[in-house]
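This is final_38.csv (CSV, C-alpha atoms).
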chain,number,residue,atom,x,y,z
A,9,MET,CA,108.4,8.2,-5.3
A,10,ALA,CA,105.7,9.1,-7.9
A,11,SER,CA,104.8,5.4,-8.3
A,12,LYS,CA,104.4,5.1,-4.6
A,13,ASP,CA,102.0,8.0,-4.4
A,14,ALA,CA,100.0,6.6,-7.3
A,15,GLN,CA,99.7,3.3,-5.4
A,16,ASN,CA,98.5,5.0,-2.3
A,17,GLN,CA,95.8,6.8,-4.4
A,18,ARG,CA,94.6,3.5,-5.9
A,19,SER,CA,94.5,2.0,-2.4
A,20,ARG,CA,92.4,4.9,-1.1
A,21,GLY,CA,90.1,4.6,-4.1
A,22,LEU,CA,89.4,0.9,-3.4
A,23,LEU,CA,88.6,1.6,0.2
A,24,GLY,CA,85.7,3.8,-0.9
A,25,PHE,CA,84.1,1.0,-2.8
A,26,LEU,CA,84.3,-1.6,0.1
A,27,PRO,CA,80.9,-1.8,1.9
A,28,GLY,CA,81.2,-0.5,5.5
A,29,THR,CA,84.6,1.0,4.9
A,30,PRO,CA,84.7,4.8,5.7
A,31,ASP,CA,86.5,7.1,3.4
A,32,PRO,CA,89.9,8.1,4.9
A,33,ASP,CA,89.1,11.8,4.5
A,34,GLN,CA,85.9,11.3,6.5
A,35,ARG,CA,87.8,9.5,9.2
A,36,LEU,CA,90.2,12.5,9.5
A,37,GLY,CA,87.3,15.0,9.4
A,38,VAL,CA,88.4,16.3,5.9
A,39,ALA,CA,85.6,17.0,3.4
A,40,SER,CA,85.9,14.9,0.2
A,41,SER,CA,86.4,16.7,-3.1
A,42,ASN,CA,84.0,14.2,-4.8
A,43,PRO,CA,80.4,15.6,-4.9
A,44,GLU,CA,79.0,12.1,-4.8
A,45,ASN,CA,80.8,11.4,-1.6
A,46,GLN,CA,79.5,14.6,-0.1
A,47,ALA,CA,75.9,13.7,-0.9
A,48,TRP,CA,76.2,10.2,0.6
A,49,GLN,CA,74.6,9.8,4.1
A,50,PRO,CA,75.1,6.7,6.3
A,51,ARG,CA,72.0,4.5,6.7
A,52,LEU,CA,70.7,4.7,10.2
A,53,PRO,CA,70.1,1.4,12.1
A,54,PRO,CA,66.6,0.4,13.2
A,55,PRO,CA,65.4,1.6,16.6
A,56,SER,CA,67.8,0.1,19.2
A,57,PHE,CA,65.4,-0.5,22.1
A,58,LEU,CA,62.6,-2.3,20.2
A,59,PRO,CA,64.4,-5.7,19.8
A,60,THR,CA,64.4,-6.3,23.6
A,61,LEU,CA,60.9,-5.2,24.5
A,62,ASP,CA,57.9,-7.4,25.1
A,63,LEU,CA,55.7,-4.6,26.5
A,64,ILE,CA,55.6,-1.1,25.0
A,65,ILE,CA,53.6,1.5,26.9
A,66,ILE,CA,52.2,4.5,25.0
A,67,HIS,CA,51.0,7.5,27.0
A,68,GLN,CA,49.3,10.4,25.3
A,69,GLN,CA,50.1,13.7,26.9
A,70,VAL,CA,47.3,15.9,28.2
A,71,GLU,CA,47.1,19.2,26.3
A,72,LEU,CA,45.7,21.9,28.6
A,73,LEU,CA,45.2,24.3,25.7
A,74,GLY,CA,42.9,21.8,23.9
A,75,MET,CA,41.0,21.2,27.2
A,76,ILE,CA,40.4,24.9,27.7
A,77,LEU,CA,39.6,25.9,24.1
A,78,GLY,CA,37.8,22.7,23.2
A,79,THR,CA,39.8,22.4,20.0
A,80,GLU,CA,41.9,19.7,18.3
A,81,ILE,CA,45.6,20.2,18.6
A,82,SER,CA,48.5,18.0,17.5
A,83,ASN,CA,48.9,14.8,19.5
A,84,LYS,CA,52.0,14.0,21.5
A,85,TYR,CA,52.9,10.6,22.9
A,86,GLU,CA,55.5,9.2,25.3
A,87,ILE,CA,56.6,5.7,24.5
A,88,LYS,CA,57.9,3.7,27.5
A,89,ASN,CA,59.3,0.3,28.4
A,90,SER,CA,57.7,-2.0,31.0
A,91,LEU,CA,59.6,-0.1,33.8
A,92,GLY,CA,57.9,3.2,32.8
A,93,GLN,CA,61.1,4.6,31.4
A,94,ARG,CA,60.7,6.8,28.4
A,95,ILE,CA,62.5,5.5,25.3
A,96,TYR,CA,60.8,7.4,22.5
A,97,PHE,CA,58.7,10.5,22.0
A,98,ALA,CA,56.1,10.9,19.2
A,99,VAL,CA,54.8,14.2,17.8
A,100,GLU,CA,52.0,14.6,15.3
A,101,GLU,CA,52.5,17.0,12.4
A,102,SER,CA,49.3,18.2,10.8
A,103,ILE,CA,47.8,21.4,9.7
A,104,CYS,CA,45.0,23.2,11.6
A,105,PHE,CA,42.5,22.9,8.8
A,106,ASN,CA,42.8,19.1,8.8
A,107,ARG,CA,42.4,18.9,12.5
A,108,THR,CA,39.4,21.2,12.5
A,109,PHE,CA,37.4,19.9,9.5
A,110,CYS,CA,38.7,16.3,9.0
A,111,SER,CA,38.9,15.7,12.8
A,112,THR,CA,39.9,12.0,13.5
A,113,LEU,CA,40.2,11.2,9.8
A,114,ARG,CA,42.9,13.8,9.2
A,115,SER,CA,46.0,13.1,7.3
A,116,CYS,CA,49.2,13.5,9.4
A,117,THR,CA,52.7,12.4,10.0
A,118,LEU,CA,53.9,11.1,13.3
A,119,ARG,CA,57.6,11.5,14.0
A,120,ILE,CA,59.1,9.3,16.7
A,121,THR,CA,62.4,10.4,18.2
A,122,ASP,CA,64.7,8.8,20.8
A,123,ASN,CA,65.9,10.5,23.9
A,124,SER,CA,68.7,12.2,22.0
A,125,GLY,CA,66.2,13.8,19.6
A,126,ARG,CA,67.2,11.6,16.6
A,127,GLU,CA,64.2,10.5,14.5
A,128,VAL,CA,64.0,6.7,14.4
A,129,ILE,CA,60.5,6.0,13.0
A,130,THR,CA,58.2,7.9,10.7
A,131,VAL,CA,54.5,7.1,10.4
A,132,ASN,CA,52.6,8.6,7.5
A,133,ARG,CA,48.8,8.6,7.5
A,134,PRO,CA,46.9,9.8,4.4
A,135,LEU,CA,43.3,11.1,4.4
A,136,ARG,CA,41.0,8.1,4.0
A,137,CYS,CA,37.6,6.9,4.9
A,138,ASN,CA,36.5,5.1,8.0
A,139,SER,CA,33.2,3.5,7.1
A,140,CYS,CA,32.0,0.0,6.2
A,141,TRP,CA,29.9,1.7,3.5
A,142,CYS,CA,33.1,2.7,1.7
A,143,PRO,CA,35.3,-0.4,1.6
A,144,CYS,CA,37.5,0.7,-1.3
A,145,TYR,CA,39.3,3.5,0.5
A,146,LEU,CA,39.8,2.4,4.1
A,147,GLN,CA,42.4,3.5,6.6
A,148,GLU,CA,46.1,2.9,5.9
A,149,LEU,CA,49.5,3.8,7.5
A,150,GLU,CA,53.0,3.7,6.1
A,151,ILE,CA,55.8,2.8,8.5
A,152,GLN,CA,59.4,4.0,7.9
A,153,ALA,CA,62.2,2.8,10.1
A,154,PRO,CA,64.6,4.4,9.8
A,155,PRO,CA,63.0,7.5,8.2
A,156,GLY,CA,63.1,7.1,4.4
A,157,THR,CA,63.1,3.3,4.4
A,158,ILE,CA,59.6,1.8,4.2
A,159,VAL,CA,59.4,-1.4,6.3
A,160,GLY,CA,55.6,-2.0,6.4
A,161,TYR,CA,52.0,-0.9,6.4
A,162,VAL,CA,48.9,-1.1,8.5
A,163,ALA,CA,45.8,-1.5,6.4
A,164,GLN,CA,42.2,-1.6,7.5
A,165,LYS,CA,40.1,-4.5,6.1
A,166,TRP,CA,36.4,-4.4,5.4
A,167,ASP,CA,34.2,-6.2,7.9
A,168,PRO,CA,30.6,-5.4,8.8
A,169,PHE,CA,30.9,-6.3,12.5
A,170,LEU,CA,34.5,-6.2,13.7
A,171,PRO,CA,37.4,-3.7,13.3
A,172,LYS,CA,40.0,-5.7,11.3
A,173,PHE,CA,43.4,-4.7,10.2
A,174,THR,CA,46.5,-6.3,8.6
A,175,ILE,CA,50.2,-5.7,9.2
A,176,GLN,CA,52.0,-5.8,5.9
A,177,ASN,CA,55.6,-5.9,4.9
A,178,ALA,CA,57.3,-3.4,2.6
A,179,ASN,CA,55.9,-5.3,-0.4
A,180,LYS,CA,52.3,-5.0,1.0
A,181,GLU,CA,52.1,-8.7,1.7
A,182,ASP,CA,50.0,-9.6,4.7
A,183,ILE,CA,52.0,-11.0,7.6
A,184,LEU,CA,49.7,-10.6,10.7
A,185,LYS,CA,46.1,-9.7,11.5
A,186,ILE,CA,44.7,-7.4,14.2
A,187,ILE,CA,41.1,-8.0,15.2
A,188,GLY,CA,39.3,-5.7,17.7
A,189,PRO,CA,36.1,-6.1,19.6
A,190,CYS,CA,32.6,-5.3,18.3
A,191,ALA,CA,32.3,-2.4,20.8
A,192,THR,CA,35.3,-0.1,21.3
A,193,CYS,CA,33.8,2.4,23.7
A,194,GLY,CA,35.8,1.0,26.6
A,195,CYS,CA,33.3,2.0,29.3
A,196,PHE,CA,34.8,0.9,32.7
A,197,GLY,CA,37.3,-1.5,31.1
A,198,ASP,CA,40.2,-2.1,28.8
A,199,VAL,CA,39.7,-2.6,25.0
A,200,ASP,CA,41.9,-5.3,23.5
A,201,PHE,CA,42.9,-5.7,19.8
A,202,GLU,CA,44.3,-9.1,19.4
A,203,VAL,CA,47.3,-9.7,17.1
A,204,LYS,CA,46.9,-13.0,15.2
A,205,THR,CA,48.5,-15.1,12.6
A,206,ILE,CA,47.1,-14.8,9.0
A,207,ASN,CA,44.9,-17.9,9.5
A,208,GLU,CA,43.6,-16.4,12.8
A,209,LYS,CA,44.3,-19.6,14.7
A,210,LEU,CA,47.1,-18.3,16.9
A,211,THR,CA,47.2,-15.1,19.0
A,212,ILE,CA,50.7,-13.8,19.4
A,213,GLY,CA,50.0,-10.5,21.2
A,214,LYS,CA,47.6,-7.6,21.7
A,215,ILE,CA,47.2,-3.9,21.7
A,216,SER,CA,45.3,-2.7,24.7
A,217,LYS,CA,43.7,0.6,25.3
A,218,TYR,CA,43.7,0.9,29.1
A,219,TRP,CA,40.8,2.4,30.9
A,220,SER,CA,42.1,5.5,32.7
A,221,GLY,CA,39.0,6.5,34.7
A,222,PHE,CA,35.7,8.1,33.9
A,223,VAL,CA,36.8,11.8,34.3
A,224,ASN,CA,39.9,11.3,32.2
A,225,ASP,CA,38.1,9.5,29.4
A,226,VAL,CA,35.3,12.1,29.2
A,227,PHE,CA,37.1,15.4,29.7
A,228,THR,CA,40.5,14.8,28.1
A,229,ASN,CA,41.9,13.1,25.0
A,230,ALA,CA,44.8,11.5,26.9
A,231,ASP,CA,44.8,7.8,26.3
A,232,ASN,CA,47.1,5.0,27.6
A,233,PHE,CA,47.9,1.9,25.5
A,234,GLY,CA,50.0,-1.2,26.0
A,235,ILE,CA,51.4,-3.3,23.2
A,236,HIS,CA,52.1,-6.9,24.3
A,237,VAL,CA,54.4,-8.8,21.9
A,238,PRO,CA,57.0,-11.6,22.0
A,239,ALA,CA,60.4,-10.1,22.8
A,240,ASP,CA,61.9,-11.8,19.7
A,241,LEU,CA,59.3,-10.4,17.3
A,242,ASP,CA,60.9,-8.7,14.3
A,243,VAL,CA,61.7,-5.0,15.0
A,244,THR,CA,59.9,-3.8,11.9
A,245,VAL,CA,56.7,-5.5,13.0
A,246,LYS,CA,57.0,-3.9,16.4
A,247,ALA,CA,57.4,-0.5,14.7
A,248,ALA,CA,54.3,-1.3,12.6
A,249,MET,CA,52.3,-2.2,15.8
A,250,ILE,CA,53.3,1.2,17.3
A,251,GLY,CA,51.9,2.8,14.2
A,252,ALA,CA,48.7,0.7,14.5
A,253,CYS,CA,48.3,1.9,18.1
A,254,PHE,CA,48.3,5.5,16.9
A,255,LEU,CA,45.8,4.7,14.2
A,256,PHE,CA,43.4,3.1,16.8
A,257,ASP,CA,43.7,6.1,19.0
A,258,PHE,CA,42.6,8.4,16.1
A,259,MET,CA,39.8,6.1,14.9
A,260,PHE,CA,38.2,4.8,18.1
A,261,PHE,CA,39.3,6.9,21.1
A,262,GLU,CA,39.8,10.5,19.9
A,263,HIS,CA,37.1,12.9,20.7
A,264,SER,CA,36.6,16.7,20.6
A,265,LEU,CA,35.6,18.6,23.7
A,266,ALA,CA,33.7,20.9,21.4
A,267,GLY,CA,31.0,18.3,21.2
A,268,LEU,CA,30.3,18.1,24.9

Please re-express this file's structure in structure tokens.
Amino acid sequence: MASKDAQNQRSRGLLGFLPGTPDPDQRLGVASSNPENQAWQPRLPPPSFLPTLDLIIIHQQVELLGMILGTEISNKYEIKNSLGQRIYFAVEESICFNRTFCSTLRSCTLRITDNSGREVITVNRPLRCNSCWCPCYLQELEIQAPPGTIVGYVAQKWDPFLPKFTIQNANKEDILKIIGPCATCGCFGDVDFEVKTINEKLTIGKISKYWSGFVNDVFTNADNFGIHVPADLDVTVKAAMIGACFLFDFMFFEHSLAGL
């Protein structure tokens, strides 16, 4: 009887080392006595909706308090599919000092959650410059999907005439380029940022800032964007393009009512 119990213990120990095999105690809802097993957390899968999307719509919510007070408050975005159904929600985390004195250059973290409230993507933006006169410390974003796992970066590249960016993988190797127009004011029309291959010979998609009307553009910070991509594009690249869309909103389309 004792030898049989010892064999069962060895069998349970082997299960804990097999990838993807849950611990029997965890299957039964019993806490493991091993502290290492208690600290282990399952790795979350990448965002489930992104692999099937060829159009991602991002709608910035209108903040009435910011309109009334003329101050910068944390941005919030709804992320929708082509049918207008909300699939994710993004909230900016930043301190009031940065929003007030650093304005659109502020450092912040954008947390993207699904409809159940589970965080699926984290976008980290450090405080950096935004001028062609300071090419050594230009804008950059870090993309984590799922949170805690870096999958890519969006980095601004120096150019005296056009806004240029690269999408990079986790090793900071360039995989795609994003090139915007010379004028990004978007007066009475959409503003398109083309997503191209590294050699810039092929356009595979675009990030568009939709014109939402004169009154909305002047008196609110609410912007609407569309990300057009191939449906089979890698999910981590789609996550990086969502981050790039947030960056473009901060850099080119964010304004404060205090200046009116």

Original post:
Closest to A:Pro171 among A:Leu210, A:Met259, A:Leu58, A:Ile158, using all atoms listed in the file?
Top reply: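 Smallest separation from A:Pro171 among the options: A:Met259.
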
Original post:
With only C-alpha atoms as the atoms that count, which of A:Ala163, A:Asp182, A:Cys253, A:Leu113 lies nearest to A:Asp200?
Top reply: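 Of all the options, A:Cys253 lies closest to A:Asp200.
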
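Of the residues listed (A:Ile215, A:Ile64, A:Ala178, A:Ile95), A:Ile215 shows the shortest atom-to-atom separation from A:Leu255; distances use all atoms listed in the file.
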
Subject >> Straight-line distance linking atom CA of A:Leu146 with atom CA of A:Asp242, stated in Å to one decimal >> reply: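 So the answer is 25.9 Å.
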
Original post:
Could you state the separation of atom CA of A:Leu91 and atom CA of A:Tyr218 in Å, given to one decimal place?
Top reply: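 Atom CA of A:Tyr218 lies at a distance of 16.6 Å from atom CA of A:Leu91.
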
Subject >> Near-stretch 185-193 of chain A list (7 Å; only C-alpha atoms; drop same-chain fewer than 6 positions) as a count of residues only >> reply: 16

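Shortest atom-to-atom contact with A:Lys217 among A:Cys116, A:Ile103, A:Pro155, A:Ile66: A:Ile66, counting only C-alpha atoms.
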
Residue rebuild result stretch 234-264 of chain A, N, CA and C atoms as a PDB file, in the coordinates of the input:
ATOM      1  N   GLY A 234      48.898  -0.227  25.764  1.00  0.00           N
ATOM      2  CA  GLY A 234      50.000  -1.200  26.000  1.00  0.00           C
ATOM      3  C   GLY A 234      50.034  -2.149  24.820  1.00  0.00           C
ATOM      4  N   ILE A 235      51.232  -2.371  24.317  1.00  0.00           N
ATOM      5  CA  ILE A 235      51.400  -3.300  23.200  1.00  0.00           C
ATOM      6  C   ILE A 235      52.202  -4.504  23.770  1.00  0.00           C
ATOM      7  N   HIS A 236      51.546  -5.652  23.796  1.00  0.00           N
ATOM      8  CA  HIS A 236      52.100  -6.900  24.300  1.00  0.00           C
ATOM      9  C   HIS A 236      52.560  -7.748  23.130  1.00  0.00           C
ATOM     10  N   VAL A 237      53.849  -8.018  23.023  1.00  0.00           N
ATOM     11  CA  VAL A 237      54.400  -8.800  21.900  1.00  0.00           C
ATOM     12  C   VAL A 237      55.494  -9.701  22.386  1.00  0.00           C
ATOM     13  N   PRO A 238      55.813 -10.751  21.634  1.00  0.00           N
ATOM     14  CA  PRO A 238      57.000 -11.600  22.000  1.00  0.00           C
ATOM     15  C   PRO A 238      58.260 -10.713  21.864  1.00  0.00           C
ATOM     16  N   ALA A 239      59.178 -10.908  22.781  1.00  0.00           N
ATOM     17  CA  ALA A 239      60.400 -10.100  22.800  1.00  0.00           C
ATOM     18  C   ALA A 239      61.219 -10.296  21.518  1.00  0.00           C
ATOM     19  N   ASP A 240      61.130 -11.496  20.910  1.00  0.00           N
ATOM     20  CA  ASP A 240      61.900 -11.800  19.700  1.00  0.00           C
ATOM     21  C   ASP A 240      61.195 -11.469  18.417  1.00  0.00           C
ATOM     22  N   LEU A 241      60.061 -10.782  18.497  1.00  0.00           N
ATOM     23  CA  LEU A 241      59.300 -10.400  17.300  1.00  0.00           C
ATOM     24  C   LEU A 241      60.180  -9.428  16.471  1.00  0.00           C
ATOM     25  N   ASP A 242      60.089  -9.543  15.147  1.00  0.00           N
ATOM     26  CA  ASP A 242      60.900  -8.700  14.300  1.00  0.00           C
ATOM     27  C   ASP A 242      60.674  -7.209  14.612  1.00  0.00           C
ATOM     28  N   VAL A 243      61.773  -6.445  14.624  1.00  0.00           N
ATOM     29  CA  VAL A 243      61.700  -5.000  15.000  1.00  0.00           C
ATOM     30  C   VAL A 243      60.828  -4.223  14.120  1.00  0.00           C
ATOM     31  N   THR A 244      60.778  -4.558  12.827  1.00  0.00           N
ATOM     32  CA  THR A 244      59.900  -3.800  11.900  1.00  0.00           C
ATOM     33  C   THR A 244      58.457  -4.042  12.194  1.00  0.00           C
ATOM     34  N   VAL A 245      58.112  -5.245  12.656  1.00  0.00           N
ATOM     35  CA  VAL A 245      56.700  -5.500  13.000  1.00  0.00           C
ATOM     36  C   VAL A 245      56.337  -4.773  14.278  1.00  0.00           C
ATOM     37  N   LYS A 246      57.268  -4.665  15.224  1.00  0.00           N
ATOM     38  CA  LYS A 246      57.000  -3.900  16.400  1.00  0.00           C
ATOM     39  C   LYS A 246      56.781  -2.402  16.073  1.00  0.00           C
ATOM     40  N   ALA A 247      57.562  -1.902  15.137  1.00  0.00           N
ATOM     41  CA  ALA A 247      57.400  -0.500  14.700  1.00  0.00           C
ATOM     42  C   ALA A 247      56.004  -0.341  14.061  1.00  0.00           C
ATOM     43  N   ALA A 248      55.574  -1.337  13.268  1.00  0.00           N
ATOM     44  CA  ALA A 248      54.300  -1.300  12.600  1.00  0.00           C
ATOM     45  C   ALA A 248      53.149  -1.315  13.694  1.00  0.00           C
ATOM     46  N   MET A 249      53.348  -2.071  14.761  1.00  0.00           N
ATOM     47  CA  MET A 249      52.300  -2.200  15.800  1.00  0.00           C
ATOM     48  C   MET A 249      52.239  -0.844  16.587  1.00  0.00           C
ATOM     49  N   ILE A 250      53.338  -0.136  16.733  1.00  0.00           N
ATOM     50  CA  ILE A 250      53.300   1.200  17.300  1.00  0.00           C
ATOM     51  C   ILE A 250      52.443   2.121  16.446  1.00  0.00           C
ATOM     52  N   GLY A 251      52.668   2.037  15.129  1.00  0.00           N
ATOM     53  CA  GLY A 251      51.900   2.800  14.200  1.00  0.00           C
ATOM     54  C   GLY A 251      50.387   2.451  14.285  1.00  0.00           C
ATOM     55  N   ALA A 252      50.095   1.140  14.399  1.00  0.00           N
ATOM     56  CA  ALA A 252      48.700   0.700  14.500  1.00  0.00           C
ATOM     57  C   ALA A 252      48.061   1.253  15.781  1.00  0.00           C
ATOM     58  N   CYS A 253      48.826   1.351  16.848  1.00  0.00           N
ATOM     59  CA  CYS A 253      48.300   1.900  18.100  1.00  0.00           C
ATOM     60  C   CYS A 253      47.885   3.360  17.912  1.00  0.00           C
ATOM     61  N   PHE A 254      48.698   4.137  17.213  1.00  0.00           N
ATOM     62  CA  PHE A 254      48.300   5.500  16.900  1.00  0.00           C
ATOM     63  C   PHE A 254      47.050   5.578  16.073  1.00  0.00           C
ATOM     64  N   LEU A 255      46.963   4.687  15.086  1.00  0.00           N
ATOM     65  CA  LEU A 255      45.800   4.700  14.200  1.00  0.00           C
ATOM     66  C   LEU A 255      44.522   4.360  15.029  1.00  0.00           C
ATOM     67  N   PHE A 256      44.593   3.398  15.938  1.00  0.00           N
ATOM     68  CA  PHE A 256      43.400   3.100  16.800  1.00  0.00           C
ATOM     69  C   PHE A 256      43.021   4.228  17.648  1.00  0.00           C
ATOM     70  N   ASP A 257      43.996   4.970  18.142  1.00  0.00           N
ATOM     71  CA  ASP A 257      43.700   6.100  19.000  1.00  0.00           C
ATOM     72  C   ASP A 257      42.884   7.156  18.163  1.00  0.00           C
ATOM     73  N   PHE A 258      43.331   7.417  16.930  1.00  0.00           N
ATOM     74  CA  PHE A 258      42.600   8.400  16.100  1.00  0.00           C
ATOM     75  C   PHE A 258      41.204   7.842  15.747  1.00  0.00           C
ATOM     76  N   MET A 259      41.088   6.578  15.391  1.00  0.00           N
ATOM     77  CA  MET A 259      39.800   6.100  14.900  1.00  0.00           C
ATOM     78  C   MET A 259      38.774   5.826  15.937  1.00  0.00           C
ATOM     79  N   PHE A 260      39.186   5.325  17.112  1.00  0.00           N
ATOM     80  CA  PHE A 260      38.200   4.800  18.100  1.00  0.00           C
ATOM     81  C   PHE A 260      38.154   5.624  19.392  1.00  0.00           C
ATOM     82  N   PHE A 261      39.223   6.330  19.747  1.00  0.00           N
ATOM     83  CA  PHE A 261      39.300   6.900  21.100  1.00  0.00           C
ATOM     84  C   PHE A 261      39.506   8.400  21.115  1.00  0.00           C
ATOM     85  N   GLU A 262      39.653   9.016  19.961  1.00  0.00           N
ATOM     86  CA  GLU A 262      39.800  10.500  19.900  1.00  0.00           C
ATOM     87  C   GLU A 262      38.464  11.127  19.880  1.00  0.00           C
ATOM     88  N   HIS A 263      38.309  12.170  20.674  1.00  0.00           N
ATOM     89  CA  HIS A 263      37.100  12.900  20.700  1.00  0.00           C
ATOM     90  C   HIS A 263      37.363  14.396  20.905  1.00  0.00           C
ATOM     91  N   SER A 264      36.463  15.206  20.496  1.00  0.00           N
ATOM     92  CA  SER A 264      36.600  16.700  20.600  1.00  0.00           C
ATOM     93  C   SER A 264      35.791  17.179  21.776  1.00  0.00           C
TER      94      SER A 264
END
